[in-house]
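Okay, coords.tsv is below, TSV, C-alpha atoms:
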```tsv
chain	number	residue	atom	x	y	z
E	1	MET	CA	-9.40	21.34	4.14
E	2	PHE	CA	-7.51	18.93	6.33
E	3	SER	CA	-9.64	18.88	9.45
E	4	LYS	CA	-10.93	15.44	8.52
E	5	PHE	CA	-7.87	14.17	6.73
E	6	ASP	CA	-6.60	10.73	7.67
E	7	LYS	CA	-4.86	7.64	6.43
E	8	THR	CA	-7.84	6.39	4.48
E	9	GLN	CA	-7.77	9.42	2.21
E	10	ILE	CA	-4.22	8.92	1.11
E	11	GLY	CA	-3.85	7.17	-2.18
E	12	ASN	CA	-0.89	5.89	-4.08
E	13	SER	CA	2.48	7.48	-4.02
E	14	THR	CA	4.16	7.60	-7.40
E	15	ALA	CA	7.52	8.78	-8.62
E	16	ILE	CA	7.00	11.46	-11.21
E	17	LYS	CA	8.66	11.86	-14.58
E	18	SER	CA	11.61	14.15	-14.67
E	19	SER	CA	10.00	16.37	-17.28
E	20	VAL	CA	6.97	16.83	-15.06
E	21	GLN	CA	9.27	17.45	-12.13
E	22	ARG	CA	10.97	20.20	-14.07
E	23	ALA	CA	7.62	21.80	-14.74
E	24	ILE	CA	6.70	21.60	-11.07
E	25	ARG	CA	10.02	23.13	-10.05
E	26	GLN	CA	9.42	26.00	-12.43
E	27	LYS	CA	5.93	26.50	-11.09
E	28	LEU	CA	7.19	26.59	-7.53
E	29	LEU	CA	9.89	29.08	-8.45
E	30	ASP	CA	7.38	31.29	-10.20
E	31	GLN	CA	5.04	31.16	-7.30
E	32	PHE	CA	7.32	31.67	-4.31
E	33	GLU	CA	9.60	34.63	-4.22
E	34	GLY	CA	11.47	33.13	-1.30
E	35	LEU	CA	12.50	30.15	-3.40
E	36	ARG	CA	13.98	32.31	-6.14
E	37	VAL	CA	16.65	33.91	-3.97
E	38	ASN	CA	20.16	33.08	-5.19
E	39	ASP	CA	19.09	31.16	-8.25
E	40	GLY	CA	16.70	29.01	-6.31
E	41	ALA	CA	19.13	28.10	-3.57
E	42	LEU	CA	16.36	27.47	-1.11
E	43	LEU	CA	14.47	25.20	-3.48
E	44	GLU	CA	17.74	23.35	-4.00
E	45	GLN	CA	18.03	22.96	-0.25
E	46	ILE	CA	14.58	21.56	0.39
E	47	TRP	CA	14.42	19.62	-2.85
E	48	PRO	CA	17.81	18.96	-4.49
E	49	LYS	CA	17.66	18.89	-8.27
E	50	LYS	CA	19.22	15.46	-8.50
E	51	GLU	CA	16.72	13.85	-6.19
E	52	SER	CA	13.32	12.82	-7.34
E	53	ILE	CA	10.16	13.71	-5.60
E	54	SER	CA	7.03	11.68	-5.23
E	55	LEU	CA	3.47	12.65	-5.83
E	56	ILE	CA	0.82	11.37	-3.48
E	57	LYS	CA	-2.71	11.48	-4.75
E	58	CYS	CA	-5.39	11.84	-2.14
E	59	HIS	CA	-9.15	12.06	-2.14
E	60	ASN	CA	-10.93	15.14	-3.44
E	61	GLN	CA	-8.37	15.93	-6.12
E	62	LEU	CA	-5.71	16.65	-3.58
E	63	GLN	CA	-2.08	16.09	-4.36
E	64	LEU	CA	0.89	16.09	-2.06
E	65	LEU	CA	4.49	16.53	-3.11
E	66	SER	CA	6.71	14.63	-0.78
E	67	PHE	CA	10.45	14.42	-0.62
E	68	ASN	CA	11.84	11.37	1.19
E	69	GLY	CA	8.47	10.99	2.85
E	70	PHE	CA	8.43	14.54	4.11
E	71	PRO	CA	5.39	16.32	2.68
E	72	LEU	CA	6.54	19.62	1.20
E	73	PHE	CA	3.67	21.10	-0.76
E	74	PHE	CA	0.06	20.32	-1.38
E	75	GLN	CA	-2.25	21.29	-4.17
E	76	SER	CA	-5.95	20.87	-4.59
E	77	HIS	CA	-7.30	20.68	-8.12
E	78	ASP	CA	-5.16	23.02	-10.18
E	79	ASP	CA	-4.79	25.68	-7.53
E	80	PRO	CA	-1.40	27.10	-6.65
E	81	TYR	CA	0.92	24.99	-4.54
E	82	VAL	CA	0.82	25.57	-0.80
E	83	PRO	CA	3.68	24.64	1.49
E	84	THR	CA	2.88	22.39	4.43
E	85	LEU	CA	3.03	23.94	7.87
E	86	ARG	CA	6.02	21.91	8.87
E	87	LEU	CA	7.91	23.28	5.90
E	88	LEU	CA	6.67	26.76	6.67
E	89	HIS	CA	7.90	26.39	10.24
E	90	LEU	CA	11.38	25.80	8.85
E	91	TYR	CA	11.22	28.66	6.34
E	92	PRO	CA	8.64	31.16	7.58
E	93	HIS	CA	9.41	33.66	4.82
E	94	LEU	CA	7.95	31.49	2.08
E	95	LEU	CA	4.60	33.19	2.44
E	96	PRO	CA	3.56	36.75	3.26
E	97	PRO	CA	2.61	37.08	6.92
E	98	VAL	CA	-0.48	38.26	8.76
E	99	THR	CA	-1.04	38.13	12.50
E	100	VAL	CA	-4.17	37.30	14.45
E	101	ASP	CA	-4.88	38.28	18.04
E	102	ARG	CA	-4.62	35.87	20.89
E	103	GLY	CA	-8.32	35.32	21.22
E	104	ALA	CA	-8.47	33.83	17.74
E	105	ILE	CA	-5.82	31.16	18.19
E	106	ARG	CA	-8.03	28.56	19.79
E	107	PHE	CA	-10.58	28.86	17.02
E	108	LEU	CA	-7.89	28.48	14.39
E	109	ILE	CA	-6.58	25.36	16.07
E	110	ALA	CA	-10.12	24.03	15.96
E	111	GLY	CA	-10.14	24.69	12.21
E	112	ALA	CA	-12.24	27.85	11.94
E	113	ASN	CA	-11.71	30.45	9.24
E	114	VAL	CA	-10.15	33.73	10.25
E	115	MET	CA	-12.69	36.42	11.00
E	116	SER	CA	-11.77	39.95	10.04
E	117	PRO	CA	-11.90	41.43	13.57
E	118	GLY	CA	-9.21	38.96	14.64
E	119	LEU	CA	-6.90	40.61	12.15
E	120	THR	CA	-7.84	44.23	12.67
E	121	SER	CA	-7.93	44.27	16.47
E	122	LYS	CA	-5.04	45.43	18.60
E	123	GLY	CA	-3.26	42.12	18.67
E	124	GLY	CA	-3.69	41.43	14.97
E	125	GLN	CA	-1.61	42.73	12.11
E	126	LEU	CA	-2.25	43.30	8.45
E	127	PRO	CA	0.21	44.78	5.96
E	128	PRO	CA	0.21	48.58	5.55
E	129	PRO	CA	-1.96	50.00	2.72
E	130	GLU	CA	0.91	50.42	0.28
E	131	LYS	CA	1.84	46.75	0.62
E	132	SER	CA	-1.64	45.31	0.81
E	133	TYR	CA	-2.16	41.80	-0.51
E	134	PRO	CA	-4.69	41.25	-3.29
E	135	ALA	CA	-7.49	38.72	-2.94
E	136	ASN	CA	-6.55	35.03	-3.14
E	137	THR	CA	-3.10	35.60	-1.70
E	138	ILE	CA	-1.91	32.62	0.28
E	139	VAL	CA	-0.68	33.88	3.63
E	140	SER	CA	0.99	32.43	6.66
E	141	ILE	CA	-0.98	33.22	9.77
E	142	PHE	CA	1.09	34.14	12.80
E	143	ALA	CA	-0.35	34.64	16.24
E	144	GLU	CA	0.06	37.41	18.74
E	145	GLY	CA	2.90	36.67	21.14
E	146	LYS	CA	3.99	33.52	19.27
E	147	VAL	CA	7.03	32.96	17.11
E	148	HIS	CA	5.88	30.29	14.71
E	149	PRO	CA	2.98	30.47	12.28
E	150	VAL	CA	-0.17	28.72	13.42
E	151	ALA	CA	-1.91	28.25	10.10
E	152	ILE	CA	-1.96	28.87	6.37
E	153	GLY	CA	-4.90	30.54	4.71
E	154	ILE	CA	-6.06	32.22	1.57
E	155	CYS	CA	-7.36	35.80	1.60
E	156	LYS	CA	-10.97	36.04	0.54
E	157	THR	CA	-10.64	39.68	-0.39
E	158	SER	CA	-7.74	42.10	-0.45
E	159	THR	CA	-6.35	43.05	2.94
E	160	GLU	CA	-7.53	46.63	2.46
E	161	GLU	CA	-11.03	45.33	1.93
E	162	ILE	CA	-10.75	43.29	5.12
E	163	LYS	CA	-9.79	46.40	7.04
E	164	LYS	CA	-12.66	48.37	5.55
E	165	VAL	CA	-15.44	45.83	5.99
E	166	ASN	CA	-14.13	44.35	9.24
E	167	LYS	CA	-16.84	41.75	9.38
E	168	GLY	CA	-17.18	38.11	8.55
E	169	ILE	CA	-14.57	35.76	7.17
E	170	GLY	CA	-11.36	37.46	6.12
E	171	ILE	CA	-9.14	34.51	5.43
E	172	ASP	CA	-10.17	31.00	4.54
E	173	LEU	CA	-8.17	28.47	6.45
E	174	LEU	CA	-6.28	25.87	4.42
E	175	HIS	CA	-3.99	24.14	6.84
E	176	PHE	CA	-3.49	24.58	10.57
E	177	VAL	CA	-1.47	23.25	13.48
E	178	GLY	CA	-2.92	19.95	14.62
E	179	ASP	CA	-4.98	19.13	11.54
E	180	GLY	CA	-4.94	15.88	9.63
E	181	LEU	CA	-2.04	16.74	7.36
E	182	TYR	CA	-0.02	18.23	10.20
E	183	LYS	CA	-0.20	14.92	12.02
E	184	PHE	CA	1.69	13.26	9.21
E	185	GLU	CA	5.22	14.29	9.89
E	186	ARG	CA	6.16	11.65	7.39
E	187	ILE	CA	4.00	9.88	4.90
U	1	MET	CA	25.44	29.54	-12.14
U	2	THR	CA	28.35	27.18	-12.75
U	3	ASP	CA	28.08	24.91	-9.77
U	4	LEU	CA	24.73	25.30	-8.18
U	5	ALA	CA	24.80	22.17	-6.17
U	6	SER	CA	26.86	22.55	-3.05
U	7	PRO	CA	28.24	26.05	-2.42
U	8	SER	CA	25.06	27.91	-3.25
U	9	THR	CA	23.04	25.96	-0.76
U	10	SER	CA	24.95	27.70	1.97
U	11	GLN	CA	23.56	30.98	0.65
U	12	ALA	CA	20.04	29.78	1.16
U	13	PRO	CA	18.33	30.94	4.33
U	14	GLN	CA	18.96	28.59	7.20
U	15	PRO	CA	15.98	26.63	8.42
U	16	VAL	CA	14.44	27.82	11.66
U	17	HIS	CA	14.70	25.36	14.45
U	18	VAL	CA	11.25	24.56	15.72
U	19	PHE	CA	10.82	22.87	19.04
U	20	TYR	CA	7.90	20.47	18.85
U	21	CYS	CA	6.08	19.08	21.84
U	22	GLY	CA	6.51	15.35	22.32
U	23	ILE	CA	2.91	14.90	23.35
U	24	CYS	CA	0.71	17.00	21.11
U	25	GLN	CA	3.25	17.60	18.28
U	26	PHE	CA	2.47	21.32	18.28
U	27	PRO	CA	5.31	23.80	18.54
U	28	VAL	CA	5.70	24.06	22.33
U	29	GLU	CA	4.34	27.59	22.44
U	30	TYR	CA	0.99	26.30	21.19
U	31	CYS	CA	0.70	23.54	23.78
U	32	GLU	CA	-1.62	25.71	25.83
U	33	PHE	CA	-4.23	25.29	23.11
U	34	SER	CA	-3.92	21.57	22.72
U	35	ASN	CA	-6.20	18.97	24.23
U	36	SER	CA	-3.42	17.57	26.34
U	37	PHE	CA	-2.06	20.74	27.89
U	38	LYS	CA	-1.51	19.21	31.32
U	39	ARG	CA	0.45	16.31	29.94
U	40	CYS	CA	2.38	18.59	27.58
U	41	LYS	CA	3.40	20.78	30.47
U	42	GLN	CA	4.50	17.81	32.51
U	43	TRP	CA	6.47	16.42	29.61
U	44	LEU	CA	8.26	19.68	28.99
U	45	GLU	CA	9.10	20.11	32.63
U	46	ASP	CA	10.57	16.63	32.81
U	47	GLU	CA	12.40	16.55	29.51
U	48	HIS	CA	13.43	20.12	28.89
U	49	PRO	CA	13.38	22.15	32.10
U	50	ASP	CA	15.15	25.11	30.50
U	51	VAL	CA	12.51	25.54	27.81
U	52	TYR	CA	9.84	25.03	30.40
U	53	ALA	CA	11.22	27.79	32.58
U	54	ASP	CA	11.35	30.06	29.56
U	55	LEU	CA	7.79	29.42	28.55
U	56	TYR	CA	5.92	29.16	31.82
U	57	SER	CA	7.68	31.60	34.14
U	58	ALA	CA	5.53	34.25	35.79
U	59	ASP	CA	6.93	36.98	33.54
U	60	ALA	CA	6.25	35.05	30.40
U	61	LEU	CA	2.72	34.33	31.51
U	62	LYS	CA	2.06	37.99	32.11
U	63	GLU	CA	3.52	38.95	28.79
U	64	LYS	CA	1.59	36.48	26.73
U	65	MET	CA	-1.71	37.99	27.81
U	66	GLY	CA	-1.00	40.66	25.22
U	67	SER	CA	-4.04	42.62	24.22
U	68	LEU	CA	-6.50	40.16	25.67
U	69	SER	CA	-8.55	41.25	28.66
U	70	LEU	CA	-8.41	39.31	31.90
U	71	GLU	CA	-11.93	38.09	31.44
U	72	ALA	CA	-11.31	36.78	27.97
U	73	GLU	CA	-8.14	35.11	29.15
U	74	GLN	CA	-9.98	33.33	31.91
U	75	LYS	CA	-12.65	32.19	29.57
U	76	LEU	CA	-10.00	30.88	27.23
U	77	GLU	CA	-8.40	28.90	30.01
U	78	GLN	CA	-11.72	27.48	31.04
U	79	ASP	CA	-12.49	26.40	27.52
U	80	VAL	CA	-9.13	24.75	27.11
U	81	ALA	CA	-9.61	22.87	30.37
U	82	LYS	CA	-13.04	21.77	29.28
U	83	ASN	CA	-11.78	20.54	25.95
U	84	GLU	CA	-9.00	18.73	27.67
U	85	ALA	CA	-11.35	16.91	29.98
U	86	ARG	CA	-13.47	15.95	27.03
U	87	ALA	CA	-10.49	14.66	25.09
U	88	GLU	CA	-9.32	12.62	28.04
U	89	LYS	CA	-12.70	11.04	28.42
U	90	LYS	CA	-12.74	10.20	24.77
U	91	ALA	CA	-9.30	8.64	24.92
U	92	LEU	CA	-10.31	6.52	27.89
U	93	LYS	CA	-13.39	5.36	26.10
U	94	GLU	CA	-11.37	4.46	23.06
U	95	ILE	CA	-8.96	2.37	25.10
U	96	GLU	CA	-11.85	0.59	26.72
U	97	GLN	CA	-13.42	-0.06	23.38
U	98	LYS	CA	-10.19	-1.41	22.03
U	99	LYS	CA	-9.89	-3.79	24.93
U	100	SER	CA	-13.36	-5.15	24.37
U	101	SER	CA	-13.22	-5.27	20.58
U	102	LYS	CA	-12.78	-8.56	18.87
U	103	ILE	CA	-11.91	-9.94	15.50
U	104	THR	CA	-14.59	-11.69	13.49
U	105	ILE	CA	-13.83	-14.42	11.03
U	106	ILE	CA	-16.69	-15.25	8.75
U	107	ARG	CA	-16.87	-18.26	6.51
U	108	GLU	CA	-19.08	-17.47	3.63
U	109	GLU	CA	-20.35	-19.80	0.96
U	110	ARG	CA	-20.06	-18.44	-2.48
U	111	THR	CA	-21.22	-21.20	-4.80
U	112	LYS	CA	-21.61	-24.88	-4.15
U	113	ARG	CA	-18.12	-25.86	-3.22
U	114	LYS	CA	-16.53	-22.45	-3.08
U	115	VAL	CA	-16.02	-20.55	0.11
U	116	THR	CA	-14.49	-17.26	1.13
U	117	THR	CA	-13.21	-16.26	4.53
U	118	HIS	CA	-13.80	-12.72	5.73
U	119	ILE	CA	-11.71	-11.25	8.50
U	120	GLN	CA	-13.23	-8.17	10.05
U	121	ASN	CA	-12.19	-5.56	12.57
U	122	LEU	CA	-8.45	-6.08	12.15
U	123	ASP	CA	-7.94	-2.34	11.75
U	124	ALA	CA	-9.14	-1.77	15.30
U	125	PHE	CA	-5.82	-3.24	16.39
U	126	ASN	CA	-3.67	-1.05	14.17
U	127	VAL	CA	-2.94	-3.81	11.72
U	128	ASP	CA	-1.95	-2.61	8.30
U	129	LEU	CA	-4.49	-4.41	6.16
U	130	LYS	CA	-2.74	-4.49	2.82
U	131	PRO	CA	0.44	-6.22	3.98
U	132	ALA	CA	-1.66	-8.48	6.18
U	133	ALA	CA	-3.69	-9.57	3.16
U	134	LYS	CA	-0.48	-10.18	1.30
U	135	LEU	CA	0.83	-12.30	4.14
U	136	LEU	CA	-2.29	-14.41	4.10
U	137	ALA	CA	-2.13	-14.79	0.33
U	138	GLN	CA	1.42	-15.98	0.60
U	139	LYS	CA	0.72	-18.37	3.40
U	140	PHE	CA	-2.30	-20.04	1.84
U	141	ALA	CA	-1.34	-19.55	-1.79
U	142	THR	CA	-4.77	-18.16	-2.57
U	143	GLY	CA	-6.26	-14.84	-3.49
U	144	SER	CA	-6.54	-12.45	-0.59
U	145	SER	CA	-7.51	-8.83	-0.74
U	146	VAL	CA	-8.75	-5.86	1.20
U	147	THR	CA	-12.29	-4.87	0.34
U	148	LYS	CA	-14.94	-2.61	1.74
U	149	ASN	CA	-17.91	-4.46	3.11
U	150	PRO	CA	-21.47	-3.09	2.86
U	151	GLN	CA	-21.05	-1.38	6.23
U	152	GLY	CA	-18.22	0.64	4.71
U	153	LYS	CA	-15.51	-1.00	6.78
U	154	ASP	CA	-12.39	-2.56	5.38
U	155	GLU	CA	-12.02	-6.28	5.71
U	156	ILE	CA	-9.75	-8.95	4.36
U	157	VAL	CA	-11.28	-11.51	2.07
U	158	VAL	CA	-9.41	-14.76	1.55
U	159	GLN	CA	-10.46	-17.35	-0.99
U	160	GLY	CA	-11.16	-20.75	0.44
U	161	ASP	CA	-12.01	-21.91	3.90
U	162	VAL	CA	-9.06	-20.97	6.07
U	163	THR	CA	-10.96	-20.07	9.24
U	164	ASP	CA	-8.98	-22.21	11.64
U	165	GLU	CA	-5.63	-21.40	10.10
U	166	VAL	CA	-6.32	-17.71	10.27
U	167	GLU	CA	-7.27	-18.01	13.90
U	168	ASP	CA	-3.99	-19.75	14.64
U	169	MET	CA	-2.12	-17.03	12.82
U	170	LEU	CA	-3.86	-14.31	14.78
U	171	HIS	CA	-2.80	-15.96	17.99
U	172	ALA	CA	0.76	-16.46	16.76
U	173	ARG	CA	1.06	-12.70	16.09
U	174	GLN	CA	3.72	-12.85	13.43
U	175	LYS	CA	5.08	-10.10	11.20
U	176	VAL	CA	2.43	-7.49	10.44
U	177	LEU	CA	0.12	-9.03	12.96
U	178	SER	CA	2.51	-8.21	15.78
U	179	THR	CA	0.41	-5.24	16.85
U	180	LEU	CA	-2.31	-7.56	18.08
U	181	PRO	CA	-2.67	-8.00	21.83
U	182	GLU	CA	-1.66	-11.31	23.29
U	183	LYS	CA	-5.06	-12.84	23.68
U	184	VAL	CA	-7.29	-11.48	20.96
U	185	LYS	CA	-10.88	-12.40	21.12
U	186	VAL	CA	-11.79	-14.15	17.92
U	187	VAL	CA	-15.35	-14.86	16.94
U	188	LYS	CA	-16.13	-17.30	14.20
U	189	GLU	CA	-19.27	-17.16	12.16
U	190	ASP	CA	-20.70	-19.29	9.45
U	191	LYS	CA	-22.76	-17.66	6.79
U	192	LYS	CA	-24.82	-19.90	4.59
U	193	LYS	CA	-25.60	-18.88	1.09
U	194	LYS	CA	-28.77	-16.90	0.88
U	195	LYS	CA	-31.31	-17.75	-1.73
U	196	ASN	CA	-31.69	-14.16	-2.76
U	197	THR	CA	-30.83	-13.71	-6.41
U	198	GLU	CA	-29.99	-10.06	-6.00
U	199	GLU	CA	-27.48	-10.81	-3.36
U	200	ASP	CA	-25.94	-13.47	-5.50
U	201	GLN	CA	-25.37	-11.06	-8.29
U	202	GLN	CA	-23.71	-8.67	-5.94
U	203	GLN	CA	-21.43	-11.34	-4.65
U	204	GLN	CA	-20.45	-12.46	-8.06
U	205	GLU	CA	-19.47	-8.95	-8.93
```

In C-alpha cells, how does this file's structure come out?
Amino acid sequence: MFSKFDKTQIGNSTAIKSSVQRAIRQKLLDQFEGLRVNDGALLEQIWPKKESISLIKCHNQLQLLSFNGFPLFFQSHDDPYVPTLRLLHLYPHLLPPVTVDRGAIRFLIAGANVMSPGLTSKGGQLPPPEKSYPANTIVSIFAEGKVHPVAIGICKTSTEEIKKVNKGIGIDLLHFVGDGLYKFERI
Amino acid sequence: MTDLASPSTSQAPQPVHVFYCGICQFPVEYCEFSNSFKRCKQWLEDEHPDVYADLYSADALKEKMGSLSLEAEQKLEQDVAKNEARAEKKALKEIEQKKSSKITIIREERTKRKVTTHIQNLDAFNVDLKPAAKLLAQKFATGSSVTKNPQGKDEIVVQGDVTDEVEDMLHARQKVLSTLPEKVKVVKEDKKKKKNTEEDQQQQE
C-alpha cells in the first residue's frame, strides 16, 4: 500500500471537529483491545483527550490521523484503522502477533505479501488452533530472532486455513519497515 | 473514572524503547536487510559501540541464523550485498544528475501584451514549491502558483515577465530558496505564442 508513497501523495492536513474526533476515538477503542485497558489509558497516552488531532487526506482515499505531526493511524476507504509501524514499535501489543521465518524478512522489506510457508515453517509462528484469528484480522508481523515487528498485514483467510492450505499468499502486507509511510517520522 | 487525565496514564503500558538506525531508519536489528548495511554497521560501531557489540558479536551472529540453513543464509547475504551495490550506484547517479541539473525559466506569451514566466525543475534542488511561489507572489505583487505542466512535472507560474528578477533571486538564495547550490545553472527560454487555436484554448483554461 505504501511502497510507492511519497510527498506528492500527501494532501491537506485539517483539524477535525470535536464531534468527529469523539466518533474516531470510540471507533479506535472498539477496534483495539489494547487501547481499552484501564478505561482507555493507553489511548489517553498516545492521544490525550484535550488535544486535537489532525486528519491528512492522501491519494487513493487514504487518510492519516496525526497527532502533533506524528502519524498514528491510517485508514483506506472505510476500512478499519491501522496503527503505523512506528506507533506499533512503541506499543507492540496493539495488534495480535504472527511470526515469519528469517528467510521471509528480506522479501517483506521489499514489500512482498507474506506467503503461507513463511508462517508455517520452523521459524514462523501462528496462534494455536483454539486462538486462531479469523480472516481479515489485522496482525503485526514479527520476525524470527528479532524483537520488533517488521510489518503490518491483513490475514487473507483464517490462520487455521493458512496452516491447512500452506500455499500462496497468507497475509496481505499493508505497511512495512522502510516503506513510504515509514519514512515519514513526522508529517 | 473521576480524574482520567493524569494518574491513569501511569497505568497505561509503557512505550517500548526502539533503537533506530541513524542511516537507514530501520530498527537496528533490521539494518542487515537495508540497502546501506555497510554504512549502518559503521555508524553503529562509531556512535554506539555497546549496541554494536551486542548485535554483531560472534555469538549473536550464530544465534540469528535460527532455522535457516547455511546455504540459504549465504544466499541471503549475497542478495543483500548485491542490493546494496545497486543502491549505491543509484545514489551516485542521482548526485551526479543533481549536479548537472539546471533550472529553466521560460517566458511565455499569453495574449498580446500579457506574459507568464514559468520556472521549471526547482524541485530537483529540494525547494518547497508552494512557499517559493508565495515568496515570488509577494515579491512581485502578482499571481504566482504551482501547476503541473503537460509533462506532469510541477512548475511555478508567475504572471508577468519577471525572468531577470527571478534569476537574480535564484542566485541570491534567500529564504525558501536557500537549498539551492551556490552557482545554479539557469537557462532562459523565450516561447512565442503559437498560432494553434487548440493550444490557445488550453492556455486560457

* Within 7 Å of E:Gly11 using all atoms listed in the file, minus same-chain residues under 2 positions, as a PyMOL selection string -> chain E and resi 9+13+56-58

* To do: Would you list the contacts of E:Ser121 as a PyMOL selection string, taking every protein, DNA or RNA residue within 9 Å and counting all atoms listed in the file, but skipping same-chain residues closer than 4 positions in sequence?
  => (chain E and resi 100-101+116-117+125) or (chain U and resi 67)

* Point-to-point distance from atom CA of E:Val150 to atom CA of E:Leu174, Å rounded to tenths -> 11.2 Å

* When you draw a straight line from atom CA of U:Gly152 to atom CA of U:Ile103, how long is it in Å? -> 16.4 Å

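Atom pair atom CA of E:Ser140 / atom CA of U:Glu73: separated by 24.4 Å.
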
* Tell me which protein, DNA and RNA residues are within 9 Å of E:Gly168, counting all atoms listed in the file, leaving out same-chain ones fewer than 2 positions away, and put them as a list in words. => Val114, Met115, Ser116, Pro117, Ile162, Val165, Asn166 and Gly170 of chain E

Neighbours of chain U in chain E at 7 Å, counting all atoms listed in the file, as a PDB file with C-alpha atoms, in the coordinates of the input:
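Output file selection.pdb follows:
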```
ATOM      1  CA  ALA E  41      19.130  28.100  -3.570  1.00  0.00           C
ATOM      2  CA  LEU E  42      16.360  27.470  -1.110  1.00  0.00           C
ATOM      3  CA  GLU E  44      17.740  23.350  -4.000  1.00  0.00           C
ATOM      4  CA  GLN E  45      18.030  22.960  -0.250  1.00  0.00           C
ATOM      5  CA  HIS E  89       7.900  26.390  10.240  1.00  0.00           C
ATOM      6  CA  LEU E  90      11.380  25.800   8.850  1.00  0.00           C
ATOM      7  CA  TYR E  91      11.220  28.660   6.340  1.00  0.00           C
ATOM      8  CA  ARG E 102      -4.620  35.870  20.890  1.00  0.00           C
ATOM      9  CA  GLY E 103      -8.320  35.320  21.220  1.00  0.00           C
ATOM     10  CA  ARG E 106      -8.030  28.560  19.790  1.00  0.00           C
ATOM     11  CA  LYS E 122      -5.040  45.430  18.600  1.00  0.00           C
ATOM     12  CA  GLY E 123      -3.260  42.120  18.670  1.00  0.00           C
ATOM     13  CA  GLY E 145       2.900  36.670  21.140  1.00  0.00           C
ATOM     14  CA  LYS E 146       3.990  33.520  19.270  1.00  0.00           C
ATOM     15  CA  VAL E 177      -1.470  23.250  13.480  1.00  0.00           C
ATOM     16  CA  GLY E 178      -2.920  19.950  14.620  1.00  0.00           C
TER      17      GLY E 178
END
```

Stretch 76-93 of chain U: axis-aligned bounding box, 8 Å on each side, centre and edge lengths in Å, one decimal, as lines of an AutoDock Vina configuration file:
```
center_x = -10.9
center_y = 18.1
center_z = 27.9
size_x = 21.1
size_y = 41.5
size_z = 22.3
```

* Polymer residues at most 7 Å from (-18.1, -12.8, 6.5) by only C-alpha atoms, as an MDAnalysis selection string -> chainID U and resid 105:108 117:119 191

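The residue that comes closest to U:Asn35, out of U:Asp54, U:Asp190, U:Lys153, U:Ala81 and on the basis of all atoms listed in the file, is U:Ala81.
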
* Within 8 Å of U:Ile156 using only C-alpha atoms, minus same-chain residues under 4 positions, as number ranges by chain -> U: 118-120, 129, 133, 144-147

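Omitting U:Lys114 and its sequence neighbours fewer than 2 positions away, and counting all atoms listed in the file, the residues within 9 Å are Glu108, Glu109, Arg110, Thr111, Lys112, Thr116, Gln159, Gly160 and Asp161 of chain U.
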
* Within 10 Å of (10.1, 19.8, 6.0), all atoms listed in the file: residues as a VMD selection string? -> (chain E and resid 46 to 47 66 to 73 83 to 91 185 to 186) or (chain U and resid 15)

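Closest approach to E:Asp172 among E:Ile24, E:Cys155, E:Val98, E:Leu35 is made by E:Cys155 (distances from all atoms listed in the file).
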
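When all atoms listed in the file are used to measure the gap to U:Tyr20, the shortest distance among U:Glu155, U:Leu44, U:Gln174, U:Glu88 belongs to U:Leu44.
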